[in-house]
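Engineer: For reference, the file start.cif (mmCIF, C-alpha atoms) is included below:
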data_final
loop_
_atom_site.label_atom_id
_atom_site.label_comp_id
_atom_site.auth_asym_id
_atom_site.auth_seq_id
_atom_site.Cartn_x
_atom_site.Cartn_y
_atom_site.Cartn_z
CA MET A 1 106.22 87.68 116.76
CA LEU A 2 104.60 90.87 115.55
CA VAL A 3 101.37 89.02 114.85
CA ALA A 4 101.06 88.44 118.61
CA ILE A 5 100.33 92.13 119.19
CA PRO A 6 97.03 92.31 117.27
CA LEU A 7 96.11 88.81 118.42
CA SER A 8 96.53 89.78 122.07
CA TRP A 9 94.41 92.89 121.49
CA LEU A 10 91.71 90.81 119.77
CA THR A 11 91.81 88.23 122.54
CA ALA A 12 91.39 90.89 125.23
CA SER A 13 88.63 92.59 123.22
CA LEU A 14 86.74 89.30 123.06
CA GLY A 15 86.72 89.13 126.85
CA PHE A 16 89.66 86.87 127.61
CA THR A 17 91.58 89.22 129.82
CA ILE A 18 94.03 89.00 132.66
CA ALA A 19 92.90 90.90 135.75
CA VAL A 20 94.96 94.00 136.38
CA VAL A 21 95.32 94.32 140.15
CA SER A 22 98.83 95.39 141.04
CA PRO A 23 101.01 95.81 137.92
CA ALA A 24 104.37 95.05 139.56
CA ARG A 25 103.06 91.97 141.36
CA ASP A 26 101.01 90.88 138.35
CA ILE A 27 103.99 91.02 136.00
CA VAL A 28 106.21 89.05 138.38
CA MET A 29 103.49 86.42 138.74
CA LEU A 30 103.01 86.21 134.95
CA LEU A 31 106.73 85.69 134.46
CA LEU A 32 106.88 83.02 137.17
CA TRP A 33 103.76 81.28 135.88
CA SER A 34 104.99 81.29 132.26
CA THR A 35 108.34 79.87 133.34
CA SER A 36 106.85 77.15 135.55
CA GLU A 37 104.34 76.05 132.89
CA GLU A 38 107.10 75.73 130.30
CA ILE A 39 109.36 73.82 132.67
CA VAL A 40 106.54 71.34 133.31
CA PHE A 41 104.99 71.05 129.84
CA ARG A 42 107.87 71.61 127.40
CA GLY A 43 110.86 70.78 129.60
CA GLY A 44 109.16 67.82 131.25
CA VAL A 45 106.18 66.32 129.44
CA GLN A 46 107.15 67.07 125.83
CA THR A 47 110.79 66.12 126.31
CA LEU A 48 109.89 62.83 128.00
CA LEU A 49 107.27 62.02 125.36
CA ALA A 50 109.72 62.77 122.55
CA LYS A 51 112.30 60.43 124.09
CA ALA A 52 109.73 57.68 124.69
CA LEU A 53 108.30 58.00 121.19
CA ALA A 54 111.78 57.94 119.65
CA ARG A 55 112.22 54.47 121.15
CA SER A 56 108.78 53.30 120.00
CA VAL A 57 107.23 52.31 116.71
CA LEU A 58 106.54 56.02 116.09
CA SER A 59 110.19 56.88 115.62
CA GLY A 60 111.32 58.91 112.63
CA ARG A 61 108.86 60.26 110.08
CA ALA A 62 105.93 58.42 111.68
CA ALA A 63 106.38 60.61 114.78
CA ARG A 64 105.12 63.57 112.72
CA TRP A 65 101.39 64.28 112.70
CA SER A 66 99.48 64.62 109.43
CA GLY A 67 102.61 65.35 107.47
CA ILE A 68 102.62 69.00 108.58
CA GLY A 69 105.65 68.80 110.80
CA ILE A 70 104.00 68.67 114.20
CA SER A 71 105.53 66.01 116.38
CA VAL A 72 103.32 63.58 118.25
CA ALA A 73 105.05 64.68 121.47
CA ASN A 74 104.13 68.32 120.76
CA LEU A 75 100.55 67.37 119.84
CA LEU A 76 100.01 65.33 123.01
CA THR A 77 101.70 67.93 125.20
CA SER A 78 99.53 70.67 123.68
CA LEU A 79 96.37 68.66 124.36
CA LEU A 80 97.48 68.20 127.97
CA PHE A 81 98.37 71.92 128.23
CA CYS A 82 94.86 72.84 127.10
CA ALA A 83 93.27 70.29 129.42
CA ALA A 84 95.19 71.77 132.35
CA HIS A 85 93.81 75.21 131.51
CA LEU A 86 90.26 73.80 131.62
CA LEU A 87 90.67 73.71 135.40
CA HIS A 88 90.37 77.50 135.58
CA LYS A 89 89.34 78.73 132.13
CA PRO A 90 86.26 78.25 129.92
CA ALA A 91 86.52 75.56 127.24
CA TRP A 92 86.71 78.08 124.37
CA VAL A 93 89.71 79.76 126.03
CA ALA A 94 91.50 76.45 126.60
CA LEU A 95 90.83 75.47 122.98
CA GLY A 96 92.21 78.83 121.83
CA LEU A 97 95.47 78.02 123.59
CA PHE A 98 96.03 74.94 121.43
CA PRO A 99 97.74 76.73 118.52
CA VAL A 100 99.77 78.82 120.96
CA SER A 101 100.92 75.64 122.67
CA LEU A 102 101.88 74.07 119.34
CA VAL A 103 104.04 77.12 118.57
CA LEU A 104 105.69 76.90 122.00
CA GLY A 105 106.37 73.19 121.47
CA ALA A 106 107.75 73.75 117.99
CA SER A 107 110.04 76.48 119.32
CA LEU A 108 111.52 73.97 121.78
CA GLU A 109 111.98 71.35 119.07
CA ARG A 110 113.58 73.75 116.61
CA SER A 111 115.86 75.52 119.08
CA GLY A 112 116.63 72.68 121.49
CA ARG A 113 116.59 75.28 124.27
CA LEU A 114 113.92 75.60 126.97
CA TRP A 115 114.45 79.36 127.34
CA VAL A 116 112.93 79.93 123.87
CA PRO A 117 109.38 78.73 124.72
CA VAL A 118 109.72 80.32 128.17
CA ALA A 119 110.49 83.69 126.55
CA LEU A 120 107.70 83.31 123.96
CA HIS A 121 105.19 82.31 126.63
CA ALA A 122 106.17 85.27 128.80
CA TYR A 123 105.95 87.58 125.77
CA PHE A 124 102.45 86.30 124.95
CA ASN A 125 101.25 86.67 128.55
CA LEU A 126 102.74 90.16 128.93
CA LEU A 127 101.11 91.30 125.67
CA LEU A 128 97.78 89.90 126.83
CA TYR A 129 98.23 91.66 130.18
CA ALA A 130 98.97 94.99 128.48
CA SER A 131 96.00 94.54 126.14
CA SER A 132 93.80 93.67 129.11
CA ALA A 133 94.85 96.86 130.85
CA LEU A 134 94.13 98.95 127.75
CA VAL A 135 90.76 97.32 127.03
CA SER A 136 89.58 97.69 130.63
CA ALA A 137 90.75 101.33 130.89
#
Could you render the structure as structure tokens?

Structural biologist:
Amino acid sequence: MLVAIPLSWLTASLGFTIAVVSPARDIVMLLLWSTSEEIVFRGGVQTLLAKALARSVLSGRAARWSGIGISVANLLTSLLFCAAHLLHKPAWVALGLFPVSLVLGASLERSGRLWVPVALHAYFNLLLYASSALVSA
């Protein structure tokens, strides 16, 4: 989790920032947005895909991608997560979210608890917000 601090600073320095308008309101919105995205993507899409794939020909070891331990459900959910961010972000930003999404998906699979990716997503967004504020100051 410590690696997220320099990564958020680098991300903000490269121009991918979160607008700092009203810190109290902004933070509440970031927390709500992080929670809602995780409920939809990890709690909904990834969980449903994992269940559907477990009943399909991709069950067991075949449900892992490239032998590196990434589930097909996590891979597909992460692609969808990035595609959803294309609606309001440049393509390079959406592509940069792919590894973050894979980590969030893996955290759900390893913990079995939705609050883990919610907390990690909120942590990432809050670090990016703080870095954005520092870079723009």

Engineer: So, with all atoms listed in the file as the atoms that count, which of A:Thr77, A:Ser131, A:Ser111, A:Ser8 lies closest to Gly44 (chain A)?

Structural biologist: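 With all atoms listed in the file as the atom set, the closest residue is A:Thr77.
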
Engineer: Check the smallest atom-to-atom distance from each of A:Leu53, A:Ala4, A:Met29, A:Leu126 to Val103 (chain A) using all atoms listed in the file, then report the winner.

Structural biologist: A:Ala4

Engineer: Hey, which of A:Glu109, A:Asp26, A:Phe124, A:Ser136 ends up closest to Pro6 (chain A)? Count only C-alpha atoms.

Structural biologist: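 Smallest separation from Pro6 (chain A) among the options: A:Phe124.
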
Engineer: Return the single residue from A:Asn125, A:Ser34, A:Ser22, A:Ser71 that is closest to Ala50 (chain A), with distances computed using all atoms listed in the file.

Structural biologist: A:Ser71

Engineer: Once the PyMOL selection byres ((chain A and resi 107) around 12) has been evaluated on this model, what residues remain selected, and can you format them as a list in words?

Structural biologist: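 Given this file, the PyMOL selection byres ((chain A and resi 107) around 12) evaluates to Glu38, Arg42, Gly43, Gln46, Ile70, Ser71, Asn74, Val100, Ser101, Leu102, Val103, Leu104, Gly105, Ala106, Leu108, Glu109, Arg110, Ser111, Gly112, Arg113, Leu114, Trp115, Val116, Pro117, Val118, Ala119, Leu120 and His121 of chain A.
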
Engineer: In terms of the shortest atom-to-atom distance over all atoms listed in the file, which of A:Glu37, A:Pro99, A:Ala54, A:Leu127 is closest to Ala84 (chain A)?

Structural biologist: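 Once distances to Ala84 (chain A) are computed over all atoms listed in the file, the minimum belongs to A:Glu37.
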
Engineer: Expressed in Å to a single decimal, how great is the separation between CA of Ile18 (chain A) and CA of Trp33 (chain A)?

Structural biologist: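 Rounded to one decimal, the two atoms are 12.8 Å apart.
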
Engineer: Quick one: distance from CA of Lys89 (chain A) to CA of Gly15 (chain A) in Å, one decimal?

Structural biologist: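 Answer for the CA of Lys89 (chain A) to CA of Gly15 (chain A) separation: 12.0 Å.
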
Engineer: Run the PyMOL selection byres ((chain A and resi 9) around 10) mentally over the shown coordinates, then write out the matched residues as a list of chain:residue names, using the chain letters and numbers from the document.

Structural biologist: A:Ala4, A:Ile5, A:Pro6, A:Leu7, A:Ser8, A:Leu10, A:Thr11, A:Ala12, A:Ser13, A:Leu14, A:Phe16, A:Thr17, A:Leu127, A:Leu128, A:Tyr129, A:Ala130, A:Ser131, A:Ser132, A:Leu134, A:Val135

Engineer: Those same residues, written as a CSV table (one decimal), in the coordinates of the input with C-alpha atoms?

Structural biologist:
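What follows is the written file part-v3.csv:
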chain,number,residue,atom,x,y,z
A,4,ALA,CA,101.1,88.4,118.6
A,5,ILE,CA,100.3,92.1,119.2
A,6,PRO,CA,97.0,92.3,117.3
A,7,LEU,CA,96.1,88.8,118.4
A,8,SER,CA,96.5,89.8,122.1
A,10,LEU,CA,91.7,90.8,119.8
A,11,THR,CA,91.8,88.2,122.5
A,12,ALA,CA,91.4,90.9,125.2
A,13,SER,CA,88.6,92.6,123.2
A,14,LEU,CA,86.7,89.3,123.1
A,16,PHE,CA,89.7,86.9,127.6
A,17,THR,CA,91.6,89.2,129.8
A,127,LEU,CA,101.1,91.3,125.7
A,128,LEU,CA,97.8,89.9,126.8
A,129,TYR,CA,98.2,91.7,130.2
A,130,ALA,CA,99.0,95.0,128.5
A,131,SER,CA,96.0,94.5,126.1
A,132,SER,CA,93.8,93.7,129.1
A,134,LEU,CA,94.1,99.0,127.8
A,135,VAL,CA,90.8,97.3,127.0

Engineer: Will you model N, CA and C atoms for region 35-53 of chain A and pass it back as an mmCIF file, keeping the file's coordinate frame?

Structural biologist:
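After the write, rebuild04.cif holds the following:
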data_model
loop_
_atom_site.group_PDB
_atom_site.id
_atom_site.type_symbol
_atom_site.label_atom_id
_atom_site.label_comp_id
_atom_site.auth_asym_id
_atom_site.auth_seq_id
_atom_site.Cartn_x
_atom_site.Cartn_y
_atom_site.Cartn_z
ATOM 1 N N THR A 35 107.138 80.689 133.182
ATOM 2 C CA THR A 35 108.340 79.870 133.340
ATOM 3 C C THR A 35 107.999 78.493 133.889
ATOM 4 N N SER A 36 107.181 78.452 134.934
ATOM 5 C CA SER A 36 106.850 77.150 135.550
ATOM 6 C C SER A 36 106.046 76.272 134.597
ATOM 7 N N GLU A 37 105.105 76.861 133.850
ATOM 8 C CA GLU A 37 104.340 76.050 132.890
ATOM 9 C C GLU A 37 105.254 75.463 131.815
ATOM 10 N N GLU A 38 106.196 76.239 131.339
ATOM 11 C CA GLU A 38 107.100 75.730 130.300
ATOM 12 C C GLU A 38 108.060 74.683 130.837
ATOM 13 N N ILE A 39 108.499 74.842 132.065
ATOM 14 C CA ILE A 39 109.360 73.820 132.670
ATOM 15 C C ILE A 39 108.601 72.496 132.747
ATOM 16 N N VAL A 40 107.341 72.562 133.174
ATOM 17 C CA VAL A 40 106.540 71.340 133.310
ATOM 18 C C VAL A 40 106.168 70.758 131.942
ATOM 19 N N PHE A 41 105.554 71.585 131.084
ATOM 20 C CA PHE A 41 104.990 71.050 129.840
ATOM 21 C C PHE A 41 106.034 70.820 128.750
ATOM 22 N N ARG A 42 106.875 71.787 128.473
ATOM 23 C CA ARG A 42 107.870 71.610 127.400
ATOM 24 C C ARG A 42 109.118 70.914 127.926
ATOM 25 N N GLY A 43 109.637 71.368 129.070
ATOM 26 C CA GLY A 43 110.860 70.780 129.600
ATOM 27 C C GLY A 43 110.656 69.385 130.154
ATOM 28 N N GLY A 44 109.456 69.123 130.672
ATOM 29 C CA GLY A 44 109.160 67.820 131.250
ATOM 30 C C GLY A 44 108.376 66.919 130.322
ATOM 31 N N VAL A 45 107.089 67.204 130.183
ATOM 32 C CA VAL A 45 106.180 66.320 129.440
ATOM 33 C C VAL A 45 106.626 66.119 127.987
ATOM 34 N N GLN A 46 106.823 67.205 127.250
ATOM 35 C CA GLN A 46 107.150 67.070 125.830
ATOM 36 C C GLN A 46 108.494 66.377 125.620
ATOM 37 N N THR A 47 109.467 66.736 126.437
ATOM 38 C CA THR A 47 110.790 66.120 126.310
ATOM 39 C C THR A 47 110.732 64.630 126.609
ATOM 40 N N LEU A 48 110.017 64.248 127.666
ATOM 41 C CA LEU A 48 109.890 62.830 128.000
ATOM 42 C C LEU A 48 109.112 62.059 126.934
ATOM 43 N N LEU A 49 108.029 62.670 126.429
ATOM 44 C CA LEU A 49 107.270 62.020 125.360
ATOM 45 C C LEU A 49 108.109 61.839 124.104
ATOM 46 N N ALA A 50 108.874 62.853 123.754
ATOM 47 C CA ALA A 50 109.720 62.770 122.550
ATOM 48 C C ALA A 50 110.732 61.640 122.692
ATOM 49 N N LYS A 51 111.323 61.508 123.870
ATOM 50 C CA LYS A 51 112.300 60.430 124.090
ATOM 51 C C LYS A 51 111.622 59.066 124.046
ATOM 52 N N ALA A 52 110.451 58.958 124.678
ATOM 53 C CA ALA A 52 109.730 57.680 124.690
ATOM 54 C C ALA A 52 109.270 57.310 123.282
ATOM 55 N N LEU A 53 108.775 58.273 122.544
ATOM 56 C CA LEU A 53 108.300 58.000 121.190
ATOM 57 C C LEU A 53 109.448 57.669 120.240
#
